[in-house]
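Asker: What follows is a structure written as structure tokens; I'll ask about it next.
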Amino acid sequence: MSTELSTLPALLNSENIKKKFRDVLGENAAGFMSSILSAVNSNPKLKNAEPMSVISAAAIAAALDLPINPSLAYAHIVPYKGVAQFQMGWKGYVQLAQRTGLYLTINAALVHEGELVRENPFTGEMVLSAEARKSDKVIGYVLYFKLLNGFEKYYYMSKEECEKHGKQFSDSYKQEWSWWQKGFDFMGLKTVVKMGLSKWGPLSIKMQLALQADQSTVKEDGSFEYVDNEPVPEVSEKVKKKGIA
């Protein structure tokens, strides 16, 4: 990288980068690029990440047309070992599912002690009741969706299953700054939505991109490198980043 383009503001001010974001976002490009700076300024560790990796992570969000405002929780730029990762939020997955026009309804929720009344492991049918709650202790997470064609699915993961998944697929699981430690329920919801949709939901091109890009850094050739985890095993076909190289 040249000295002139060694900082994030300089990169975002370059005509080449501006054009690439305009090509994807049109008149919304300027506002989105401003939100990149806001996201970085609100995270001290992200300020030290390699600037082009921040641009590349933001480019994934732009290609998916998802905001990176942390408070909205659709998509995030996360620092890890000196580089920036793109990270989906569970709301982002729900948003992409809704855009397909194939879903009648979709929801994700915490399951508290007593609320899981019955589960049939062979048919996948579940009976959940908020009235049966015994305490505020969270025991698991559930995704439910129904398609316009009538297909419906419950996908449930216990808290222990989510913990096992986090430990297996995230090297940063035990770090105090990790969302697994700061907001486990947030990650539990994300895990059940990601795994449930990847196994049972219709996968649009953008959903495939989101599943592959999640928790990755983007290499120069547009492929994904997983410095903190492995890609979701249910989506094995490599999906290239589109829109911004």
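FYI, nothing fancy with the structure tokens labels: chains A, B, ... in order, residues from 1 per chain, ligands from 1 as they appear.
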What's the 8 Å shell around Tyr155 in chain A, counting only C-alpha atoms, without same-chain residues fewer than 5 positions away, as a list in words?
Answerer: Gly124, Val142, Leu143, Tyr144, Val192 and Gly196 of chain A
Asker: Find the spatial neighbours of range 28-32 of chain A, counting only C-alpha atoms, within a cut-off of 12 Å - ignore same-chain residues fewer than 5 positions away - and output them as a list in words.
Answerer: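 My list of contacting residues is Leu12, Asn13, Ile17, Lys18, Lys19, Lys20, Phe21, Arg22, Asp23, Leu37, Ser38, Ala39, Ile55, Ala58, Ala59, Ala61, Ala62, Ala63, Asp65, Leu66, Pro67, Ile68 and Asn69 of chain A.
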Asker: Quick one: residues within 12 Å of Leu104 in chain A, only C-alpha atoms, excluding same-chain residues fewer than 5 positions away - as a short mmCIF file (atom, residue, chain, number, x, y, z; two decimals) with all heavy atoms, in the first residue's frame?
Answerer:
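To be explicit, this is the file written out as around-v3.cif:
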data_model
loop_
_atom_site.label_atom_id
_atom_site.label_comp_id
_atom_site.auth_asym_id
_atom_site.auth_seq_id
_atom_site.Cartn_x
_atom_site.Cartn_y
_atom_site.Cartn_z
N ALA A 97 -33.19 -13.53 4.59
CA ALA A 97 -34.24 -14.52 4.37
C ALA A 97 -35.54 -13.84 3.94
O ALA A 97 -36.20 -14.27 2.98
CB ALA A 97 -34.46 -15.34 5.64
N GLN A 98 -35.90 -12.76 4.62
CA GLN A 98 -37.13 -12.04 4.28
C GLN A 98 -37.11 -11.52 2.85
O GLN A 98 -38.14 -11.52 2.16
CB GLN A 98 -37.34 -10.88 5.25
CG GLN A 98 -37.68 -11.30 6.67
CD GLN A 98 -37.74 -10.13 7.63
OE1 GLN A 98 -37.10 -9.10 7.41
NE2 GLN A 98 -38.51 -10.27 8.70
N ARG A 99 -35.94 -11.09 2.41
CA ARG A 99 -35.83 -10.51 1.06
C ARG A 99 -36.09 -11.51 -0.05
O ARG A 99 -36.37 -11.12 -1.19
CB ARG A 99 -34.45 -9.90 0.87
CG ARG A 99 -34.21 -8.64 1.67
CD ARG A 99 -32.81 -8.13 1.39
NE ARG A 99 -32.37 -7.13 2.35
CZ ARG A 99 -31.13 -6.68 2.43
NH1 ARG A 99 -30.19 -7.17 1.62
NH2 ARG A 99 -30.80 -5.77 3.31
N TYR A 144 -37.61 -20.46 14.18
CA TYR A 144 -38.83 -20.98 13.57
C TYR A 144 -39.09 -20.21 12.28
O TYR A 144 -38.96 -18.99 12.24
CB TYR A 144 -40.04 -20.83 14.48
CG TYR A 144 -41.34 -21.13 13.76
CD1 TYR A 144 -41.72 -22.44 13.50
CD2 TYR A 144 -42.16 -20.10 13.30
CE1 TYR A 144 -42.89 -22.73 12.82
CE2 TYR A 144 -43.34 -20.37 12.61
CZ TYR A 144 -43.71 -21.69 12.37
OH TYR A 144 -44.85 -21.97 11.68
N PHE A 145 -39.44 -20.94 11.24
CA PHE A 145 -39.88 -20.26 10.03
C PHE A 145 -40.91 -21.10 9.30
O PHE A 145 -40.99 -22.32 9.46
CB PHE A 145 -38.70 -19.92 9.09
CG PHE A 145 -37.99 -21.11 8.49
CD1 PHE A 145 -38.48 -21.75 7.35
CD2 PHE A 145 -36.80 -21.56 9.04
CE1 PHE A 145 -37.81 -22.82 6.78
CE2 PHE A 145 -36.13 -22.64 8.49
CZ PHE A 145 -36.62 -23.27 7.35
N LYS A 146 -41.73 -20.41 8.53
CA LYS A 146 -42.71 -21.07 7.67
C LYS A 146 -42.64 -20.42 6.30
O LYS A 146 -42.66 -19.19 6.18
CB LYS A 146 -44.12 -20.93 8.24
CG LYS A 146 -45.17 -21.71 7.44
CD LYS A 146 -46.53 -21.71 8.13
CE LYS A 146 -47.52 -22.60 7.38
NZ LYS A 146 -48.84 -22.63 8.07
N LEU A 147 -42.50 -21.25 5.27
CA LEU A 147 -42.42 -20.75 3.91
C LEU A 147 -43.81 -20.59 3.31
O LEU A 147 -44.79 -21.17 3.80
CB LEU A 147 -41.60 -21.71 3.04
CG LEU A 147 -40.17 -21.99 3.50
CD1 LEU A 147 -39.49 -22.94 2.51
CD2 LEU A 147 -39.37 -20.71 3.64
N LEU A 148 -43.89 -19.83 2.25
CA LEU A 148 -45.17 -19.62 1.57
C LEU A 148 -45.73 -20.91 0.99
O LEU A 148 -46.94 -21.05 0.81
CB LEU A 148 -45.01 -18.59 0.45
CG LEU A 148 -44.70 -17.15 0.91
CD1 LEU A 148 -44.45 -16.26 -0.29
CD2 LEU A 148 -45.85 -16.60 1.75
N ASN A 149 -44.84 -21.88 0.71
CA ASN A 149 -45.31 -23.16 0.16
C ASN A 149 -45.82 -24.11 1.25
O ASN A 149 -46.20 -25.25 0.96
CB ASN A 149 -44.22 -23.84 -0.66
CG ASN A 149 -43.00 -24.24 0.17
OD1 ASN A 149 -43.03 -24.19 1.39
ND2 ASN A 149 -41.93 -24.62 -0.51
N GLY A 150 -45.81 -23.66 2.51
CA GLY A 150 -46.34 -24.46 3.61
C GLY A 150 -45.30 -25.16 4.45
O GLY A 150 -45.60 -25.62 5.56
N PHE A 151 -44.07 -25.26 3.96
CA PHE A 151 -43.02 -25.92 4.74
C PHE A 151 -42.69 -25.08 5.97
O PHE A 151 -42.52 -23.87 5.88
CB PHE A 151 -41.76 -26.09 3.90
CG PHE A 151 -40.59 -26.68 4.65
CD1 PHE A 151 -40.53 -28.04 4.91
CD2 PHE A 151 -39.57 -25.87 5.12
CE1 PHE A 151 -39.46 -28.58 5.61
CE2 PHE A 151 -38.49 -26.40 5.82
CZ PHE A 151 -38.45 -27.77 6.07
N GLU A 152 -42.63 -25.73 7.14
CA GLU A 152 -42.27 -25.02 8.35
C GLU A 152 -41.24 -25.83 9.13
O GLU A 152 -41.17 -27.05 9.02
CB GLU A 152 -43.48 -24.72 9.23
CG GLU A 152 -44.20 -25.92 9.76
CD GLU A 152 -45.38 -25.54 10.66
OE1 GLU A 152 -45.42 -24.41 11.18
OE2 GLU A 152 -46.28 -26.38 10.83
N LYS A 153 -40.44 -25.11 9.92
CA LYS A 153 -39.35 -25.78 10.62
C LYS A 153 -39.03 -25.08 11.93
O LYS A 153 -38.91 -23.85 11.99
CB LYS A 153 -38.09 -25.79 9.74
CG LYS A 153 -36.93 -26.58 10.33
CD LYS A 153 -37.25 -28.06 10.44
CE LYS A 153 -36.11 -28.83 11.09
NZ LYS A 153 -36.46 -30.26 11.26
#
Asker: Which of range 24-197 of chain A counts as strand (DSSP E or B) under DSSP, as a ChimeraX atom specification please?
Answerer: /A:75-80,83-88,103-112,116-119,126-128,138-147,152-158
Asker: Tell me which protein, DNA and RNA residues are within 12 Å of Val40 in chain A, counting only C-alpha atoms, leaving out same-chain ones fewer than 5 positions away, and put them as a PyMOL selection string.
Answerer: chain A and resi 7-9+33-35+45-51+53-55+57-58+68-70+76-79+84
Asker: Could those residues be written to a file, using N, CA and C atoms, as a JSON list (two decimals), in the first residue's frame?
Answerer:
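And here's out.json as it stands now:
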[["chain", "number", "residue", "atom", "x", "y", "z"],
["A", 7, "THR", "N", -3.81, 5.09, 5.43],
["A", 7, "THR", "CA", -4.79, 5.25, 6.51],
["A", 7, "THR", "C", -6.20, 5.02, 5.95],
["A", 8, "LEU", "N", -7.12, 4.69, 6.85],
["A", 8, "LEU", "CA", -8.50, 4.44, 6.43],
["A", 8, "LEU", "C", -9.15, 5.68, 5.81],
["A", 9, "PRO", "N", -9.05, 6.87, 6.43],
["A", 9, "PRO", "CA", -9.65, 8.04, 5.80],
["A", 9, "PRO", "C", -9.11, 8.29, 4.40],
["A", 33, "MET", "N", -20.17, 4.87, 3.50],
["A", 33, "MET", "CA", -18.75, 5.08, 3.76],
["A", 33, "MET", "C", -18.53, 5.88, 5.04],
["A", 34, "SER", "N", -19.42, 6.80, 5.32],
["A", 34, "SER", "CA", -19.34, 7.56, 6.56],
["A", 34, "SER", "C", -19.56, 6.64, 7.77],
["A", 35, "SER", "N", -20.44, 5.65, 7.60],
["A", 35, "SER", "CA", -20.72, 4.73, 8.70],
["A", 35, "SER", "C", -19.52, 3.82, 8.98],
["A", 45, "LYS", "N", -9.88, -0.92, 19.18],
["A", 45, "LYS", "CA", -9.09, -2.01, 18.59],
["A", 45, "LYS", "C", -9.21, -2.03, 17.08],
["A", 46, "LEU", "N", -10.36, -1.61, 16.56],
["A", 46, "LEU", "CA", -10.55, -1.59, 15.11],
["A", 46, "LEU", "C", -9.70, -0.50, 14.46],
["A", 47, "LYS", "N", -9.40, 0.56, 15.22],
["A", 47, "LYS", "CA", -8.56, 1.62, 14.70],
["A", 47, "LYS", "C", -7.17, 1.11, 14.33],
["A", 48, "ASN", "N", -6.73, 0.04, 15.01],
["A", 48, "ASN", "CA", -5.40, -0.50, 14.76],
["A", 48, "ASN", "C", -5.38, -1.61, 13.72],
["A", 49, "ALA", "N", -6.54, -1.95, 13.19],
["A", 49, "ALA", "CA", -6.61, -3.01, 12.17],
["A", 49, "ALA", "C", -6.09, -2.49, 10.83],
["A", 50, "GLU", "N", -5.58, -3.38, 10.02],
["A", 50, "GLU", "CA", -5.06, -3.03, 8.69],
["A", 50, "GLU", "C", -6.18, -2.35, 7.89],
["A", 51, "PRO", "N", -5.97, -1.11, 7.42],
["A", 51, "PRO", "CA", -7.06, -0.33, 6.81],
["A", 51, "PRO", "C", -7.77, -1.02, 5.65],
["A", 53, "SER", "N", -8.20, -4.12, 5.16],
["A", 53, "SER", "CA", -9.05, -5.21, 5.63],
["A", 53, "SER", "C", -10.38, -4.66, 6.14],
["A", 54, "VAL", "N", -10.37, -3.44, 6.68],
["A", 54, "VAL", "CA", -11.61, -2.79, 7.09],
["A", 54, "VAL", "C", -12.48, -2.50, 5.87],
["A", 55, "ILE", "N", -11.85, -1.97, 4.82],
["A", 55, "ILE", "CA", -12.58, -1.69, 3.57],
["A", 55, "ILE", "C", -13.18, -2.97, 3.01],
["A", 57, "ALA", "N", -13.96, -5.79, 4.56],
["A", 57, "ALA", "CA", -15.06, -6.28, 5.40],
["A", 57, "ALA", "C", -16.32, -5.45, 5.15],
["A", 58, "ALA", "N", -16.15, -4.14, 5.06],
["A", 58, "ALA", "CA", -17.29, -3.27, 4.79],
["A", 58, "ALA", "C", -17.88, -3.56, 3.41],
["A", 68, "ILE", "N", -23.81, -1.41, 8.82],
["A", 68, "ILE", "CA", -22.79, -1.86, 9.77],
["A", 68, "ILE", "C", -22.84, -1.06, 11.07],
["A", 69, "ASN", "N", -23.93, -0.35, 11.28],
["A", 69, "ASN", "CA", -24.13, 0.35, 12.54],
["A", 69, "ASN", "C", -24.24, -0.69, 13.66],
["A", 70, "PRO", "N", -23.33, -0.70, 14.64],
["A", 70, "PRO", "CA", -23.34, -1.74, 15.68],
["A", 70, "PRO", "C", -24.66, -1.85, 16.44],
["A", 76, "HIS", "N", -21.35, -6.61, 11.21],
["A", 76, "HIS", "CA", -20.33, -5.95, 12.01],
["A", 76, "HIS", "C", -18.95, -6.06, 11.35],
["A", 77, "ILE", "N", -18.09, -5.11, 11.67],
["A", 77, "ILE", "CA", -16.67, -5.19, 11.34],
["A", 77, "ILE", "C", -15.95, -5.41, 12.66],
["A", 78, "VAL", "N", -15.26, -6.53, 12.78],
["A", 78, "VAL", "CA", -14.69, -6.95, 14.06],
["A", 78, "VAL", "C", -13.17, -7.11, 13.93],
["A", 79, "PRO", "N", -12.38, -6.52, 14.84],
["A", 79, "PRO", "CA", -10.93, -6.67, 14.78],
["A", 79, "PRO", "C", -10.48, -8.01, 15.35],
["A", 84, "ALA", "N", -9.32, -6.87, 10.11],
["A", 84, "ALA", "CA", -10.76, -6.73, 10.32],
["A", 84, "ALA", "C", -11.49, -7.91, 9.69]]
Asker: Between CA of Tyr141 in chain A and CA of Val111 in chain A, measure the distance and give it in Å to one decimal.
Answerer: 5.4 Å
Asker: Between A:Ala10, A:Asp214, A:Ser71, A:Gln208, which has the minimum distance to Met52 in chain A (counting only C-alpha atoms)?
Answerer: A:Ala10
Asker: Per DSSP on the backbone, filter range 67-245 of chain A down to the residues in alpha helix (DSSP H) and report them as a JSON list (two decimals) with N, CA, C and O atoms, in the first residue's frame.
Answerer:
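After the write, states.json holds the following:
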[["chain", "number", "residue", "atom", "x", "y", "z"],
["A", 90, "TRP", "N", -27.46, -12.01, 13.81],
["A", 90, "TRP", "CA", -28.60, -12.87, 13.50],
["A", 90, "TRP", "C", -29.71, -12.10, 12.77],
["A", 90, "TRP", "O", -30.40, -12.65, 11.91],
["A", 91, "LYS", "N", -29.84, -10.81, 13.08],
["A", 91, "LYS", "CA", -30.84, -10.01, 12.38],
["A", 91, "LYS", "C", -30.53, -9.87, 10.89],
["A", 91, "LYS", "O", -31.43, -9.75, 10.07],
["A", 92, "GLY", "N", -29.23, -9.89, 10.56],
["A", 92, "GLY", "CA", -28.84, -9.82, 9.16],
["A", 92, "GLY", "C", -29.29, -11.04, 8.39],
["A", 92, "GLY", "O", -29.78, -10.95, 7.26],
["A", 93, "TYR", "N", -29.14, -12.22, 9.00],
["A", 93, "TYR", "CA", -29.60, -13.45, 8.36],
["A", 93, "TYR", "C", -31.12, -13.43, 8.15],
["A", 93, "TYR", "O", -31.63, -13.82, 7.09],
["A", 94, "VAL", "N", -31.83, -12.96, 9.17],
["A", 94, "VAL", "CA", -33.29, -12.87, 9.05],
["A", 94, "VAL", "C", -33.68, -11.90, 7.94],
["A", 94, "VAL", "O", -34.59, -12.16, 7.14],
["A", 95, "GLN", "N", -32.97, -10.77, 7.85],
["A", 95, "GLN", "CA", -33.24, -9.79, 6.81],
["A", 95, "GLN", "C", -33.05, -10.39, 5.41],
["A", 95, "GLN", "O", -33.89, -10.20, 4.53],
["A", 96, "LEU", "N", -31.95, -11.12, 5.22],
["A", 96, "LEU", "CA", -31.70, -11.74, 3.92],
["A", 96, "LEU", "C", -32.75, -12.79, 3.59],
["A", 96, "LEU", "O", -33.15, -12.93, 2.43],
["A", 97, "ALA", "N", -33.19, -13.53, 4.59],
["A", 97, "ALA", "CA", -34.24, -14.52, 4.37],
["A", 97, "ALA", "C", -35.54, -13.84, 3.94],
["A", 97, "ALA", "O", -36.20, -14.27, 2.98],
["A", 98, "GLN", "N", -35.90, -12.76, 4.62],
["A", 98, "GLN", "CA", -37.13, -12.04, 4.28],
["A", 98, "GLN", "C", -37.11, -11.52, 2.85],
["A", 98, "GLN", "O", -38.14, -11.52, 2.16],
["A", 99, "ARG", "N", -35.94, -11.09, 2.41],
["A", 99, "ARG", "CA", -35.83, -10.51, 1.06],
["A", 99, "ARG", "C", -36.09, -11.51, -0.05],
["A", 99, "ARG", "O", -36.37, -11.12, -1.19],
["A", 159, "LYS", "N", -28.22, -24.44, 25.15],
["A", 159, "LYS", "CA", -27.12, -23.54, 25.47],
["A", 159, "LYS", "C", -25.80, -24.29, 25.44],
["A", 159, "LYS", "O", -24.78, -23.76, 24.97],
["A", 160, "GLU", "N", -25.81, -25.54, 25.88],
["A", 160, "GLU", "CA", -24.60, -26.36, 25.88],
["A", 160, "GLU", "C", -24.13, -26.63, 24.46],
["A", 160, "GLU", "O", -22.92, -26.63, 24.18],
["A", 161, "GLU", "N", -25.06, -26.86, 23.54],
["A", 161, "GLU", "CA", -24.69, -27.09, 22.14],
["A", 161, "GLU", "C", -24.08, -25.84, 21.53],
["A", 161, "GLU", "O", -23.12, -25.93, 20.75],
["A", 162, "CYS", "N", -24.61, -24.68, 21.88],
["A", 162, "CYS", "CA", -24.05, -23.42, 21.37],
["A", 162, "CYS", "C", -22.66, -23.18, 21.94],
["A", 162, "CYS", "O", -21.77, -22.70, 21.24],
["A", 163, "GLU", "N", -22.48, -23.51, 23.22],
["A", 163, "GLU", "CA", -21.16, -23.38, 23.83],
["A", 163, "GLU", "C", -20.15, -24.28, 23.12],
["A", 163, "GLU", "O", -19.03, -23.85, 22.83],
["A", 164, "LYS", "N", -20.53, -25.50, 22.85],
["A", 164, "LYS", "CA", -19.65, -26.44, 22.16],
["A", 164, "LYS", "C", -19.30, -25.93, 20.77],
["A", 164, "LYS", "O", -18.15, -26.01, 20.33],
["A", 165, "HIS", "N", -20.30, -25.38, 20.08],
["A", 165, "HIS", "CA", -20.08, -24.84, 18.74],
["A", 165, "HIS", "C", -19.10, -23.67, 18.79],
["A", 165, "HIS", "O", -18.18, -23.58, 17.98],
["A", 166, "GLY", "N", -19.30, -22.76, 19.75],
["A", 166, "GLY", "CA", -18.43, -21.60, 19.88],
["A", 166, "GLY", "C", -16.99, -22.00, 20.15],
["A", 166, "GLY", "O", -16.06, -21.45, 19.55],
["A", 167, "LYS", "N", -16.80, -22.95, 21.05],
["A", 167, "LYS", "CA", -15.45, -23.41, 21.39],
["A", 167, "LYS", "C", -14.78, -24.09, 20.20],
["A", 167, "LYS", "O", -13.56, -23.99, 20.01],
["A", 168, "GLN", "N", -15.56, -24.80, 19.39],
["A", 168, "GLN", "CA", -15.01, -25.52, 18.25],
["A", 168, "GLN", "C", -14.66, -24.62, 17.09],
["A", 168, "GLN", "O", -13.64, -24.81, 16.41],
["A", 169, "PHE", "N", -15.48, -23.60, 16.85],
["A", 169, "PHE", "CA", -15.32, -22.80, 15.63],
["A", 169, "PHE", "C", -14.81, -21.38, 15.85],
["A", 169, "PHE", "O", -14.71, -20.62, 14.90],
["A", 179, "TRP", "N", -17.59, -11.64, 21.71],
["A", 179, "TRP", "CA", -19.04, -11.59, 21.94],
["A", 179, "TRP", "C", -19.54, -12.84, 22.63],
["A", 179, "TRP", "O", -20.60, -12.82, 23.28],
["A", 180, "TRP", "N", -18.80, -13.94, 22.52],
["A", 180, "TRP", "CA", -19.18, -15.15, 23.26],
["A", 180, "TRP", "C", -19.14, -14.87, 24.76],
["A", 180, "TRP", "O", -19.89, -15.49, 25.53],
["A", 181, "GLN", "N", -18.28, -13.97, 25.18],
["A", 181, "GLN", "CA", -18.18, -13.61, 26.60],
["A", 181, "GLN", "C", -19.01, -12.37, 26.93],
["A", 181, "GLN", "O", -19.62, -12.29, 28.00],
["A", 182, "LYS", "N", -19.04, -11.41, 26.03],
["A", 182, "LYS", "CA", -19.76, -10.16, 26.30],
["A", 182, "LYS", "C", -21.27, -10.30, 26.15],
["A", 182, "LYS", "O", -22.03, -9.62, 26.84],
["A", 184, "PHE", "N", -23.42, -13.64, 25.31],
["A", 184, "PHE", "CA", -23.59, -15.02, 24.86],
["A", 184, "PHE", "C", -24.94, -15.25, 24.19],
["A", 184, "PHE", "O", -25.02, -15.96, 23.19],
["A", 185, "ASP", "N", -26.00, -14.65, 24.72],
["A", 185, "ASP", "CA", -27.32, -14.86, 24.12],
["A", 185, "ASP", "C", -27.37, -14.34, 22.69],
["A", 185, "ASP", "O", -28.04, -14.93, 21.82],
["A", 186, "PHE", "N", -26.69, -13.23, 22.43],
["A", 186, "PHE", "CA", -26.60, -12.70, 21.07],
["A", 186, "PHE", "C", -25.97, -13.73, 20.14],
["A", 186, "PHE", "O", -26.46, -13.99, 19.03],
["A", 187, "MET", "N", -24.87, -14.36, 20.59],
["A", 187, "MET", "CA", -24.20, -15.35, 19.78],
["A", 187, "MET", "C", -24.99, -16.65, 19.69],
["A", 187, "MET", "O", -24.95, -17.36, 18.69],
["A", 188, "GLY", "N", -25.73, -16.97, 20.77],
["A", 188, "GLY", "CA", -26.58, -18.15, 20.73],
["A", 188, "GLY", "C", -27.67, -18.01, 19.68],
["A", 188, "GLY", "O", -27.94, -18.94, 18.90],
["A", 189, "LEU", "N", -28.30, -16.83, 19.62],
["A", 189, "LEU", "CA", -29.32, -16.58, 18.60],
["A", 189, "LEU", "C", -28.72, -16.62, 17.20],
["A", 189, "LEU", "O", -29.29, -17.21, 16.27],
["A", 190, "LYS", "N", -27.55, -16.01, 17.06],
["A", 190, "LYS", "CA", -26.90, -16.02, 15.75],
["A", 190, "LYS", "C", -26.59, -17.45, 15.31],
["A", 190, "LYS", "O", -26.81, -17.82, 14.15],
["A", 191, "THR", "N", -26.08, -18.26, 16.24],
["A", 191, "THR", "CA", -25.70, -19.63, 15.90],
["A", 191, "THR", "C", -26.90, -20.45, 15.46],
["A", 191, "THR", "O", -26.85, -21.16, 14.45],
["A", 192, "VAL", "N", -28.01, -20.35, 16.20],
["A", 192, "VAL", "CA", -29.18, -21.16, 15.84],
["A", 192, "VAL", "C", -29.79, -20.70, 14.52],
["A", 192, "VAL", "O", -30.25, -21.51, 13.71],
["A", 193, "VAL", "N", -29.77, -19.39, 14.26],
["A", 193, "VAL", "CA", -30.30, -18.88, 12.99],
["A", 193, "VAL", "C", -29.41, -19.29, 11.83],
["A", 193, "VAL", "O", -29.89, -19.78, 10.79],
["A", 194, "LYS", "N", -28.10, -19.12, 12.00],
["A", 194, "LYS", "CA", -27.15, -19.47, 10.94],
["A", 194, "LYS", "C", -27.21, -20.96, 10.61],
["A", 194, "LYS", "O", -27.31, -21.34, 9.44],
["A", 195, "MET", "N", -27.16, -21.79, 11.63],
["A", 195, "MET", "CA", -27.17, -23.23, 11.40],
["A", 195, "MET", "C", -28.52, -23.71, 10.88],
["A", 195, "MET", "O", -28.59, -24.56, 9.98],
["A", 196, "GLY", "N", -29.59, -23.16, 11.42],
["A", 196, "GLY", "CA", -30.92, -23.58, 10.98],
["A", 196, "GLY", "C", -31.21, -23.22, 9.54],
["A", 196, "GLY", "O", -31.72, -24.05, 8.77],
["A", 197, "LEU", "N", -30.88, -21.99, 9.16],
["A", 197, "LEU", "CA", -31.13, -21.57, 7.78],
["A", 197, "LEU", "C", -30.20, -22.29, 6.80],
["A", 197, "LEU", "O", -30.61, -22.63, 5.69],
["A", 198, "SER", "N", -28.95, -22.53, 7.21],
["A", 198, "SER", "CA", -28.02, -23.21, 6.30],
["A", 198, "SER", "C", -28.44, -24.65, 6.04],
["A", 198, "SER", "O", -28.18, -25.21, 4.97],
["A", 199, "LYS", "N", -29.13, -25.27, 7.02],
["A", 199, "LYS", "CA", -29.57, -26.66, 6.86],
["A", 199, "LYS", "C", -30.93, -26.78, 6.19],
["A", 199, "LYS", "O", -31.16, -27.70, 5.40],
["A", 200, "TRP", "N", -31.85, -25.86, 6.51],
["A", 200, "TRP", "CA", -33.24, -26.05, 6.13],
["A", 200, "TRP", "C", -33.84, -24.93, 5.28],
["A", 200, "TRP", "O", -34.89, -25.12, 4.67],
["A", 205, "ILE", "N", -28.39, -16.46, -3.39],
["A", 205, "ILE", "CA", -26.97, -16.19, -3.63],
["A", 205, "ILE", "C", -26.41, -15.31, -2.52],
["A", 205, "ILE", "O", -25.30, -15.55, -2.01],
["A", 206, "LYS", "N", -27.17, -14.33, -2.09],
["A", 206, "LYS", "CA", -26.69, -13.45, -1.02],
["A", 206, "LYS", "C", -26.61, -14.18, 0.31],
["A", 206, "LYS", "O", -25.71, -13.91, 1.12],
["A", 207, "MET", "N", -27.54, -15.10, 0.55],
["A", 207, "MET", "CA", -27.46, -15.87, 1.79],
["A", 207, "MET", "C", -26.22, -16.77, 1.77],
["A", 207, "MET", "O", -25.53, -16.93, 2.79],
["A", 208, "GLN", "N", -25.92, -17.37, 0.64],
["A", 208, "GLN", "CA", -24.71, -18.18, 0.52],
["A", 208, "GLN", "C", -23.47, -17.34, 0.78],
["A", 208, "GLN", "O", -22.54, -17.77, 1.47],
["A", 209, "LEU", "N", -23.46, -16.13, 0.22],
["A", 209, "LEU", "CA", -22.34, -15.23, 0.43],
["A", 209, "LEU", "C", -22.19, -14.88, 1.91],
["A", 209, "LEU", "O", -21.09, -14.89, 2.46],
["A", 210, "ALA", "N", -23.32, -14.60, 2.57],
["A", 210, "ALA", "CA", -23.29, -14.25, 3.99],
["A", 210, "ALA", "C", -22.76, -15.40, 4.83],
["A", 210, "ALA", "O", -21.95, -15.21, 5.75],
["A", 211, "LEU", "N", -23.19, -16.62, 4.53],
["A", 211, "LEU", "CA", -22.74, -17.79, 5.28],
["A", 211, "LEU", "C", -21.25, -18.03, 5.11],
["A", 211, "LEU", "O", -20.54, -18.37, 6.06],
["A", 212, "GLN", "N", -20.76, -17.83, 3.90],
["A", 212, "GLN", "CA", -19.34, -18.05, 3.63],
["A", 212, "GLN", "C", -18.47, -16.92, 4.17],
["A", 212, "GLN", "O", -17.36, -17.16, 4.64],
["A", 213, "ALA", "N", -18.97, -15.70, 4.11],
["A", 213, "ALA", "CA", -18.16, -14.54, 4.50],
["A", 213, "ALA", "C", -18.11, -14.33, 6.00],
["A", 213, "ALA", "O", -17.19, -13.69, 6.50]]
Asker: Name the closest residue to Asp136 in chain A among the candidates A:Lys81, A:Lys174, A:His112, A:Lys219; distances are taken between atoms, counting only C-alpha atoms.
Answerer: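 The answer is A:His112, which sits nearest to Asp136 in chain A.
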Asker: Enter the distance from CA of Gly140 in chain A to CA of Tyr226 in chain A, in Å, rounded to one decimal.
Answerer: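 Rounded to one decimal, the two atoms are 26.8 Å apart.
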Asker: Suppose you want the space between CA of Met126 in chain A and CA of Tyr103 in chain A; what is it in Å?
Answerer: 19.5 Å
